[in-house]
>>> print(open('entry-v4.txt').read())   # compact mmCIF, C-alpha atoms
# COMPACT_ATOMS: atom_id res chain seq x y z
CA MET A 27 23.25 187.94 -73.82
CA ARG A 28 20.67 189.41 -71.46
CA VAL A 29 17.15 188.03 -71.45
CA LYS A 30 14.48 189.78 -69.43
CA GLY A 31 12.73 187.43 -67.06
CA SER A 32 15.19 184.57 -67.53
CA GLY A 33 16.78 184.97 -64.12
CA LYS A 34 20.21 185.02 -65.77
CA GLU A 35 22.27 188.14 -66.42
CA SER A 36 24.63 186.95 -69.11
CA PHE A 37 25.59 183.95 -71.25
CA SER A 38 28.65 182.58 -72.97
CA VAL A 39 28.73 180.71 -76.27
CA ILE A 40 30.81 177.58 -76.92
CA VAL A 41 31.58 176.64 -80.53
CA LEU A 42 33.03 173.19 -81.17
CA ALA A 43 35.56 173.33 -84.00
CA GLY A 44 37.57 170.15 -83.68
CA GLY A 45 35.93 168.16 -86.49
CA LYS A 46 38.04 167.13 -89.47
CA GLY A 47 35.22 167.40 -92.03
CA LYS A 48 36.59 164.58 -94.21
CA ARG A 49 33.65 164.73 -96.63
CA LEU A 50 34.37 168.43 -97.14
CA GLY A 51 38.13 168.18 -97.57
CA GLY A 52 39.29 169.75 -94.32
CA ASN A 53 38.26 171.44 -91.09
CA LYS A 54 34.62 172.42 -91.50
CA ALA A 55 35.12 175.61 -89.51
CA LEU A 56 37.19 177.13 -92.32
CA LEU A 57 35.07 175.88 -95.21
CA SER A 58 34.21 178.74 -97.56
CA PHE A 59 30.47 179.47 -97.52
CA MET A 60 29.04 182.56 -99.20
CA GLY A 61 32.57 183.98 -99.40
CA ARG A 62 33.37 183.59 -95.68
CA PRO A 63 34.60 180.78 -93.41
CA LEU A 64 31.66 178.73 -92.17
CA ILE A 65 32.47 179.44 -88.53
CA GLU A 66 32.26 183.18 -89.20
CA HIS A 67 28.57 182.74 -90.09
CA VAL A 68 28.03 181.06 -86.73
CA LEU A 69 29.79 183.89 -84.90
CA LYS A 70 27.71 186.50 -86.73
CA ARG A 71 24.54 184.77 -85.55
CA VAL A 72 25.50 184.80 -81.88
CA GLU A 73 27.86 187.76 -81.39
CA GLU A 74 25.20 190.26 -80.31
CA LEU A 75 23.78 187.82 -77.76
CA ALA A 76 27.00 186.46 -76.25
CA GLU A 77 29.19 188.08 -73.63
CA GLU A 78 32.06 185.80 -74.64
CA ILE A 79 32.59 183.19 -77.37
CA LEU A 80 34.81 180.20 -76.62
CA ILE A 81 35.99 178.19 -79.63
CA VAL A 82 37.17 174.75 -78.56
CA SER A 83 39.90 173.44 -80.85
CA ASP A 84 43.45 172.16 -80.51
CA GLU A 85 44.61 173.32 -83.93
CA LEU A 86 42.28 175.92 -85.45
CA LYS A 87 43.72 179.31 -86.41
CA LEU A 88 41.10 181.87 -87.35
CA PRO A 89 41.81 183.89 -90.51
CA PHE A 90 40.06 186.90 -88.97
CA ASP A 91 39.96 188.81 -85.67
CA HIS A 92 36.93 188.90 -83.40
CA PRO A 93 36.83 190.92 -80.16
CA LYS A 94 34.78 188.39 -78.17
CA VAL A 95 36.47 185.18 -79.31
CA LEU A 96 38.85 183.12 -77.21
CA LEU A 97 40.38 179.93 -78.62
CA ILE A 98 40.75 177.25 -75.94
CA PRO A 99 42.20 173.71 -76.03
CA ASP A 100 40.14 170.58 -75.56
CA VAL A 101 40.72 169.18 -72.07
CA PHE A 102 39.67 165.73 -73.34
CA PRO A 103 40.96 165.61 -76.97
CA GLN A 104 39.41 162.17 -77.57
CA GLY A 105 36.18 163.07 -75.79
CA GLY A 106 34.13 164.08 -78.82
CA PRO A 107 31.37 166.69 -78.41
CA LEU A 108 30.98 165.86 -74.72
CA GLY A 109 34.63 166.71 -74.13
CA GLY A 110 34.33 169.91 -76.16
CA ILE A 111 31.29 171.12 -74.25
CA TYR A 112 32.96 170.26 -70.94
CA SER A 113 36.10 172.19 -71.95
CA GLY A 114 34.15 175.28 -72.97
CA LEU A 115 31.80 175.22 -69.98
CA ASN A 116 34.71 174.74 -67.57
CA ALA A 117 36.53 177.76 -69.09
CA SER A 118 33.44 179.97 -69.29
CA LYS A 119 33.27 182.97 -66.99
CA ASN A 120 29.47 182.73 -66.90
CA GLU A 121 27.28 180.19 -65.15
CA TRP A 122 25.44 179.38 -68.39
CA ALA A 123 26.71 178.75 -71.90
CA PHE A 124 25.14 177.84 -75.23
CA ALA A 125 26.95 175.16 -77.22
CA PHE A 126 26.94 174.83 -81.02
CA GLY A 127 28.76 173.01 -83.75
CA CYS A 128 30.87 175.16 -86.07
CA ASP A 129 28.77 174.05 -89.06
CA MET A 130 25.41 175.68 -88.20
CA PRO A 131 25.12 178.87 -90.27
CA PHE A 132 21.41 179.57 -89.66
CA ILE A 133 21.16 179.85 -85.86
CA GLN A 134 18.13 182.00 -84.99
CA PRO A 135 18.57 184.42 -82.05
CA SER A 136 14.84 184.18 -81.31
CA VAL A 137 15.26 180.46 -80.58
CA LEU A 138 18.17 181.19 -78.25
CA LYS A 139 16.04 183.66 -76.31
CA LEU A 140 13.31 181.03 -75.97
CA ILE A 141 15.83 178.49 -74.69
CA ALA A 142 17.13 181.00 -72.13
CA LEU A 143 13.64 181.88 -70.93
CA VAL A 144 12.74 178.29 -70.01
CA SER A 145 16.06 177.52 -68.30
CA PRO A 146 15.37 178.46 -64.64
CA GLY A 147 15.35 175.40 -62.42
CA PHE A 148 17.21 173.15 -64.87
CA ASP A 149 20.80 172.06 -65.50
CA ALA A 150 20.39 172.23 -69.27
CA VAL A 151 17.87 173.05 -72.01
CA VAL A 152 17.98 170.77 -75.06
CA PRO A 153 15.70 171.08 -78.12
CA LEU A 154 14.01 168.01 -79.58
CA ILE A 155 13.76 167.90 -83.38
CA GLY A 156 12.02 164.92 -84.91
CA GLY A 157 11.96 163.45 -81.43
CA LYS A 158 15.77 163.51 -81.19
CA PRO A 159 17.78 165.64 -78.73
CA GLN A 160 19.95 168.37 -80.25
CA PRO A 161 22.78 168.71 -77.71
CA LEU A 162 24.88 170.80 -80.12
CA HIS A 163 22.25 173.54 -80.12
CA ALA A 164 21.62 173.65 -76.40
CA LEU A 165 22.17 175.58 -73.17
CA TYR A 166 24.22 174.23 -70.28
CA SER A 167 24.86 175.29 -66.70
CA LYS A 168 28.10 174.73 -64.82
CA SER A 169 26.06 172.35 -62.67
CA CYS A 170 26.60 169.87 -65.57
CA LEU A 171 30.38 169.83 -65.13
CA GLU A 172 30.63 167.12 -62.49
CA ALA A 173 28.47 164.64 -64.42
CA PHE A 174 30.23 165.42 -67.71
CA ARG A 175 33.71 164.99 -66.25
CA GLY A 176 32.72 161.78 -64.50
CA ASP A 177 31.54 160.24 -67.78
CA LEU A 178 34.58 161.50 -69.67
CA GLU A 179 36.95 159.95 -67.15
CA LYS A 180 35.09 156.64 -67.52
CA GLY A 181 35.22 156.82 -71.32
CA LEU A 182 31.42 157.21 -71.53
CA LEU A 183 31.17 159.75 -74.33
CA LYS A 184 27.49 159.78 -75.32
CA LEU A 185 26.02 163.16 -74.50
CA THR A 186 22.54 161.69 -74.16
CA ARG A 187 23.83 159.35 -71.43
CA SER A 188 25.37 162.27 -69.52
CA LEU A 189 22.19 164.30 -69.88
CA SER A 190 20.20 161.44 -68.32
CA LEU A 191 22.04 162.18 -65.06
CA LEU A 192 20.86 165.80 -65.02
CA LYS A 193 17.69 167.83 -64.78
CA VAL A 194 17.04 168.74 -68.40
CA ARG A 195 14.27 170.81 -69.95
CA TYR A 196 13.57 169.29 -73.36
CA LEU A 197 12.10 171.90 -75.68
CA SER A 198 9.56 170.44 -78.10
CA GLN A 199 9.65 170.95 -81.85
CA GLU A 200 6.24 172.61 -81.64
CA GLU A 201 7.53 175.16 -79.12
CA ILE A 202 10.50 175.95 -81.36
CA LYS A 203 8.43 176.26 -84.54
CA ALA A 204 6.67 179.29 -83.09
CA PHE A 205 10.03 181.10 -83.43
CA ASP A 206 11.67 179.15 -86.26
CA PRO A 207 8.93 177.72 -88.50
CA HIS A 208 11.37 175.99 -90.87
CA LEU A 209 13.70 174.78 -88.07
CA ILE A 210 16.69 176.17 -89.94
CA SER A 211 18.53 176.81 -86.66
CA PHE A 212 19.34 173.10 -86.61
CA PHE A 213 20.61 172.76 -90.17
CA ASN A 214 24.26 171.73 -90.25
CA ILE A 215 26.69 171.27 -93.12
CA ASN A 216 28.38 167.87 -93.31
CA SER A 217 28.76 167.25 -97.04
CA PRO A 218 28.87 168.98 -100.44
CA ALA A 219 25.16 168.14 -100.80
CA ASP A 220 24.46 170.02 -97.56
CA LEU A 221 26.31 173.04 -98.95
CA GLU A 222 23.98 173.07 -101.93
CA LYS A 223 20.95 172.71 -99.66
CA ALA A 224 22.18 175.63 -97.56
CA LEU A 225 22.41 177.89 -100.61
CA ASN A 226 18.91 176.82 -101.64
CA LEU A 227 17.62 177.68 -98.16
CA ILE A 228 19.03 181.18 -98.45
CA ALA A 229 17.28 181.62 -101.79
CA GLN A 230 13.99 180.32 -100.39
CA LEU A 231 13.92 182.03 -97.01
CA GLY A 232 15.50 185.40 -97.75
CA ASN A 233 16.45 187.40 -94.66
CA GLN A 234 15.88 184.51 -92.25
CA GLY A 235 18.68 182.62 -93.96
CA LYS A 236 21.08 185.57 -94.29
CA ASN A 237 23.34 187.28 -91.80
>>> encode(input="entry-v4.txt", output="structure tokens")
Amino acid sequence: MRVKGSGKESFSVIVLAGGKGKRLGGNKALLSFMGRPLIEHVLKRVEELAEEILIVSDELKLPFDHPKVLLIPDVFPQGGPLGGIYSGLNASKNEWAFAFGCDMPFIQPSVLKLIALVSPGFDAVVPLIGGKPQPLHALYSKSCLEAFRGDLEKGLLKLTRSLSLLKVRYLSQEEIKAFDPHLISFFNINSPADLEKALNLIAQLGNQGKN
């Protein structure tokens, strides 16, 4: 991903795919959505913007090939999202990497460009939706690695705690709405009811919901 004026030449993308998805009957990454695995929708949203895509999982086997994708193990298997982001960021060849869950089929590239543009001078850029940080739709620098590893080694697994140690640019909901009025970038699928909502969103929003 190259963003004019961002001060950064290229970006990696980290996709966390270690969740069991118990309410959905298996690994969410491989859940069928619109005839394709859910994670494939995520990859489609980011592939033109990412120089490399790192999928963090200890057991996932993709049922398709993708030229930019590298599957990597979780350095801290019991470390939750913090461990997954650390693992991807540590393996990334770029200084900066976006991190997403594997269950977010409506990521908007325009929002990613906004996040990249406000990143100079910070360790991370994290959107706020409804006043709550969205660390699984955020941008991280390798300058986060020391703080993340320190918390992981202490068993402190809350991402918000780790972020409190860093210089973070929190992006307001109002700033994001200028590029994603319905905030669909942050919609994730955790249950059968969410699957139905996702299909309804596609029907309501047309091209913004499709890829």
>>> closest_residue(input="entry-v4.txt", among="A:Leu165, A:Leu115, A:Ile79, A:Cys128", to="A:Glu66", atoms="only C-alpha atoms")
A:Cys128
>>> residues_around(input="entry-v4.txt", residues="A:Ile133", least_positions_apart="5", cutoff="12 Å", atoms="only C-alpha atoms", output="PyMOL selection string")
chain A and resi 65+67-73+75+124-128+138-139+162-164+205-206+208-214+234-237
>>> atom_distance(input="entry-v4.txt", atom1="atom CA of A:Asp129", atom2="atom CA of A:Pro161")
13.9 Å
>>> atom_distance(input="entry-v4.txt", atom1="atom CA of A:Leu96", atom2="atom CA of A:Asn116")
13.4 Å
>>> atom_distance(input="entry-v4.txt", atom1="atom CA of A:Asn216", atom2="atom CA of A:Leu57")
10.6 Å
>>> closest_residue(input="entry-v4.txt", among="A:Gly44, A:Gly181, A:Pro131, A:Gly114", to="A:Arg62", atoms="all atoms listed in the file")
A:Pro131
>>> residues_around(input="entry-v4.txt", residues="A:Ile81", least_positions_apart="3", cutoff="8 Å", atoms="only C-alpha atoms", output="PDB file with C-alpha atoms, in the frame of the given file")
ATOM      1  CA  ILE A  40      30.810 177.580 -76.920  1.00  0.00           C
ATOM      2  CA  VAL A  41      31.580 176.640 -80.530  1.00  0.00           C
ATOM      3  CA  LEU A  42      33.030 173.190 -81.170  1.00  0.00           C
ATOM      4  CA  ALA A  43      35.560 173.330 -84.000  1.00  0.00           C
ATOM      5  CA  VAL A  95      36.470 185.180 -79.310  1.00  0.00           C
ATOM      6  CA  LEU A  96      38.850 183.120 -77.210  1.00  0.00           C
ATOM      7  CA  LEU A  97      40.380 179.930 -78.620  1.00  0.00           C
ATOM      8  CA  ILE A  98      40.750 177.250 -75.940  1.00  0.00           C
ATOM      9  CA  GLY A 114      34.150 175.280 -72.970  1.00  0.00           C
TER      10      GLY A 114
END
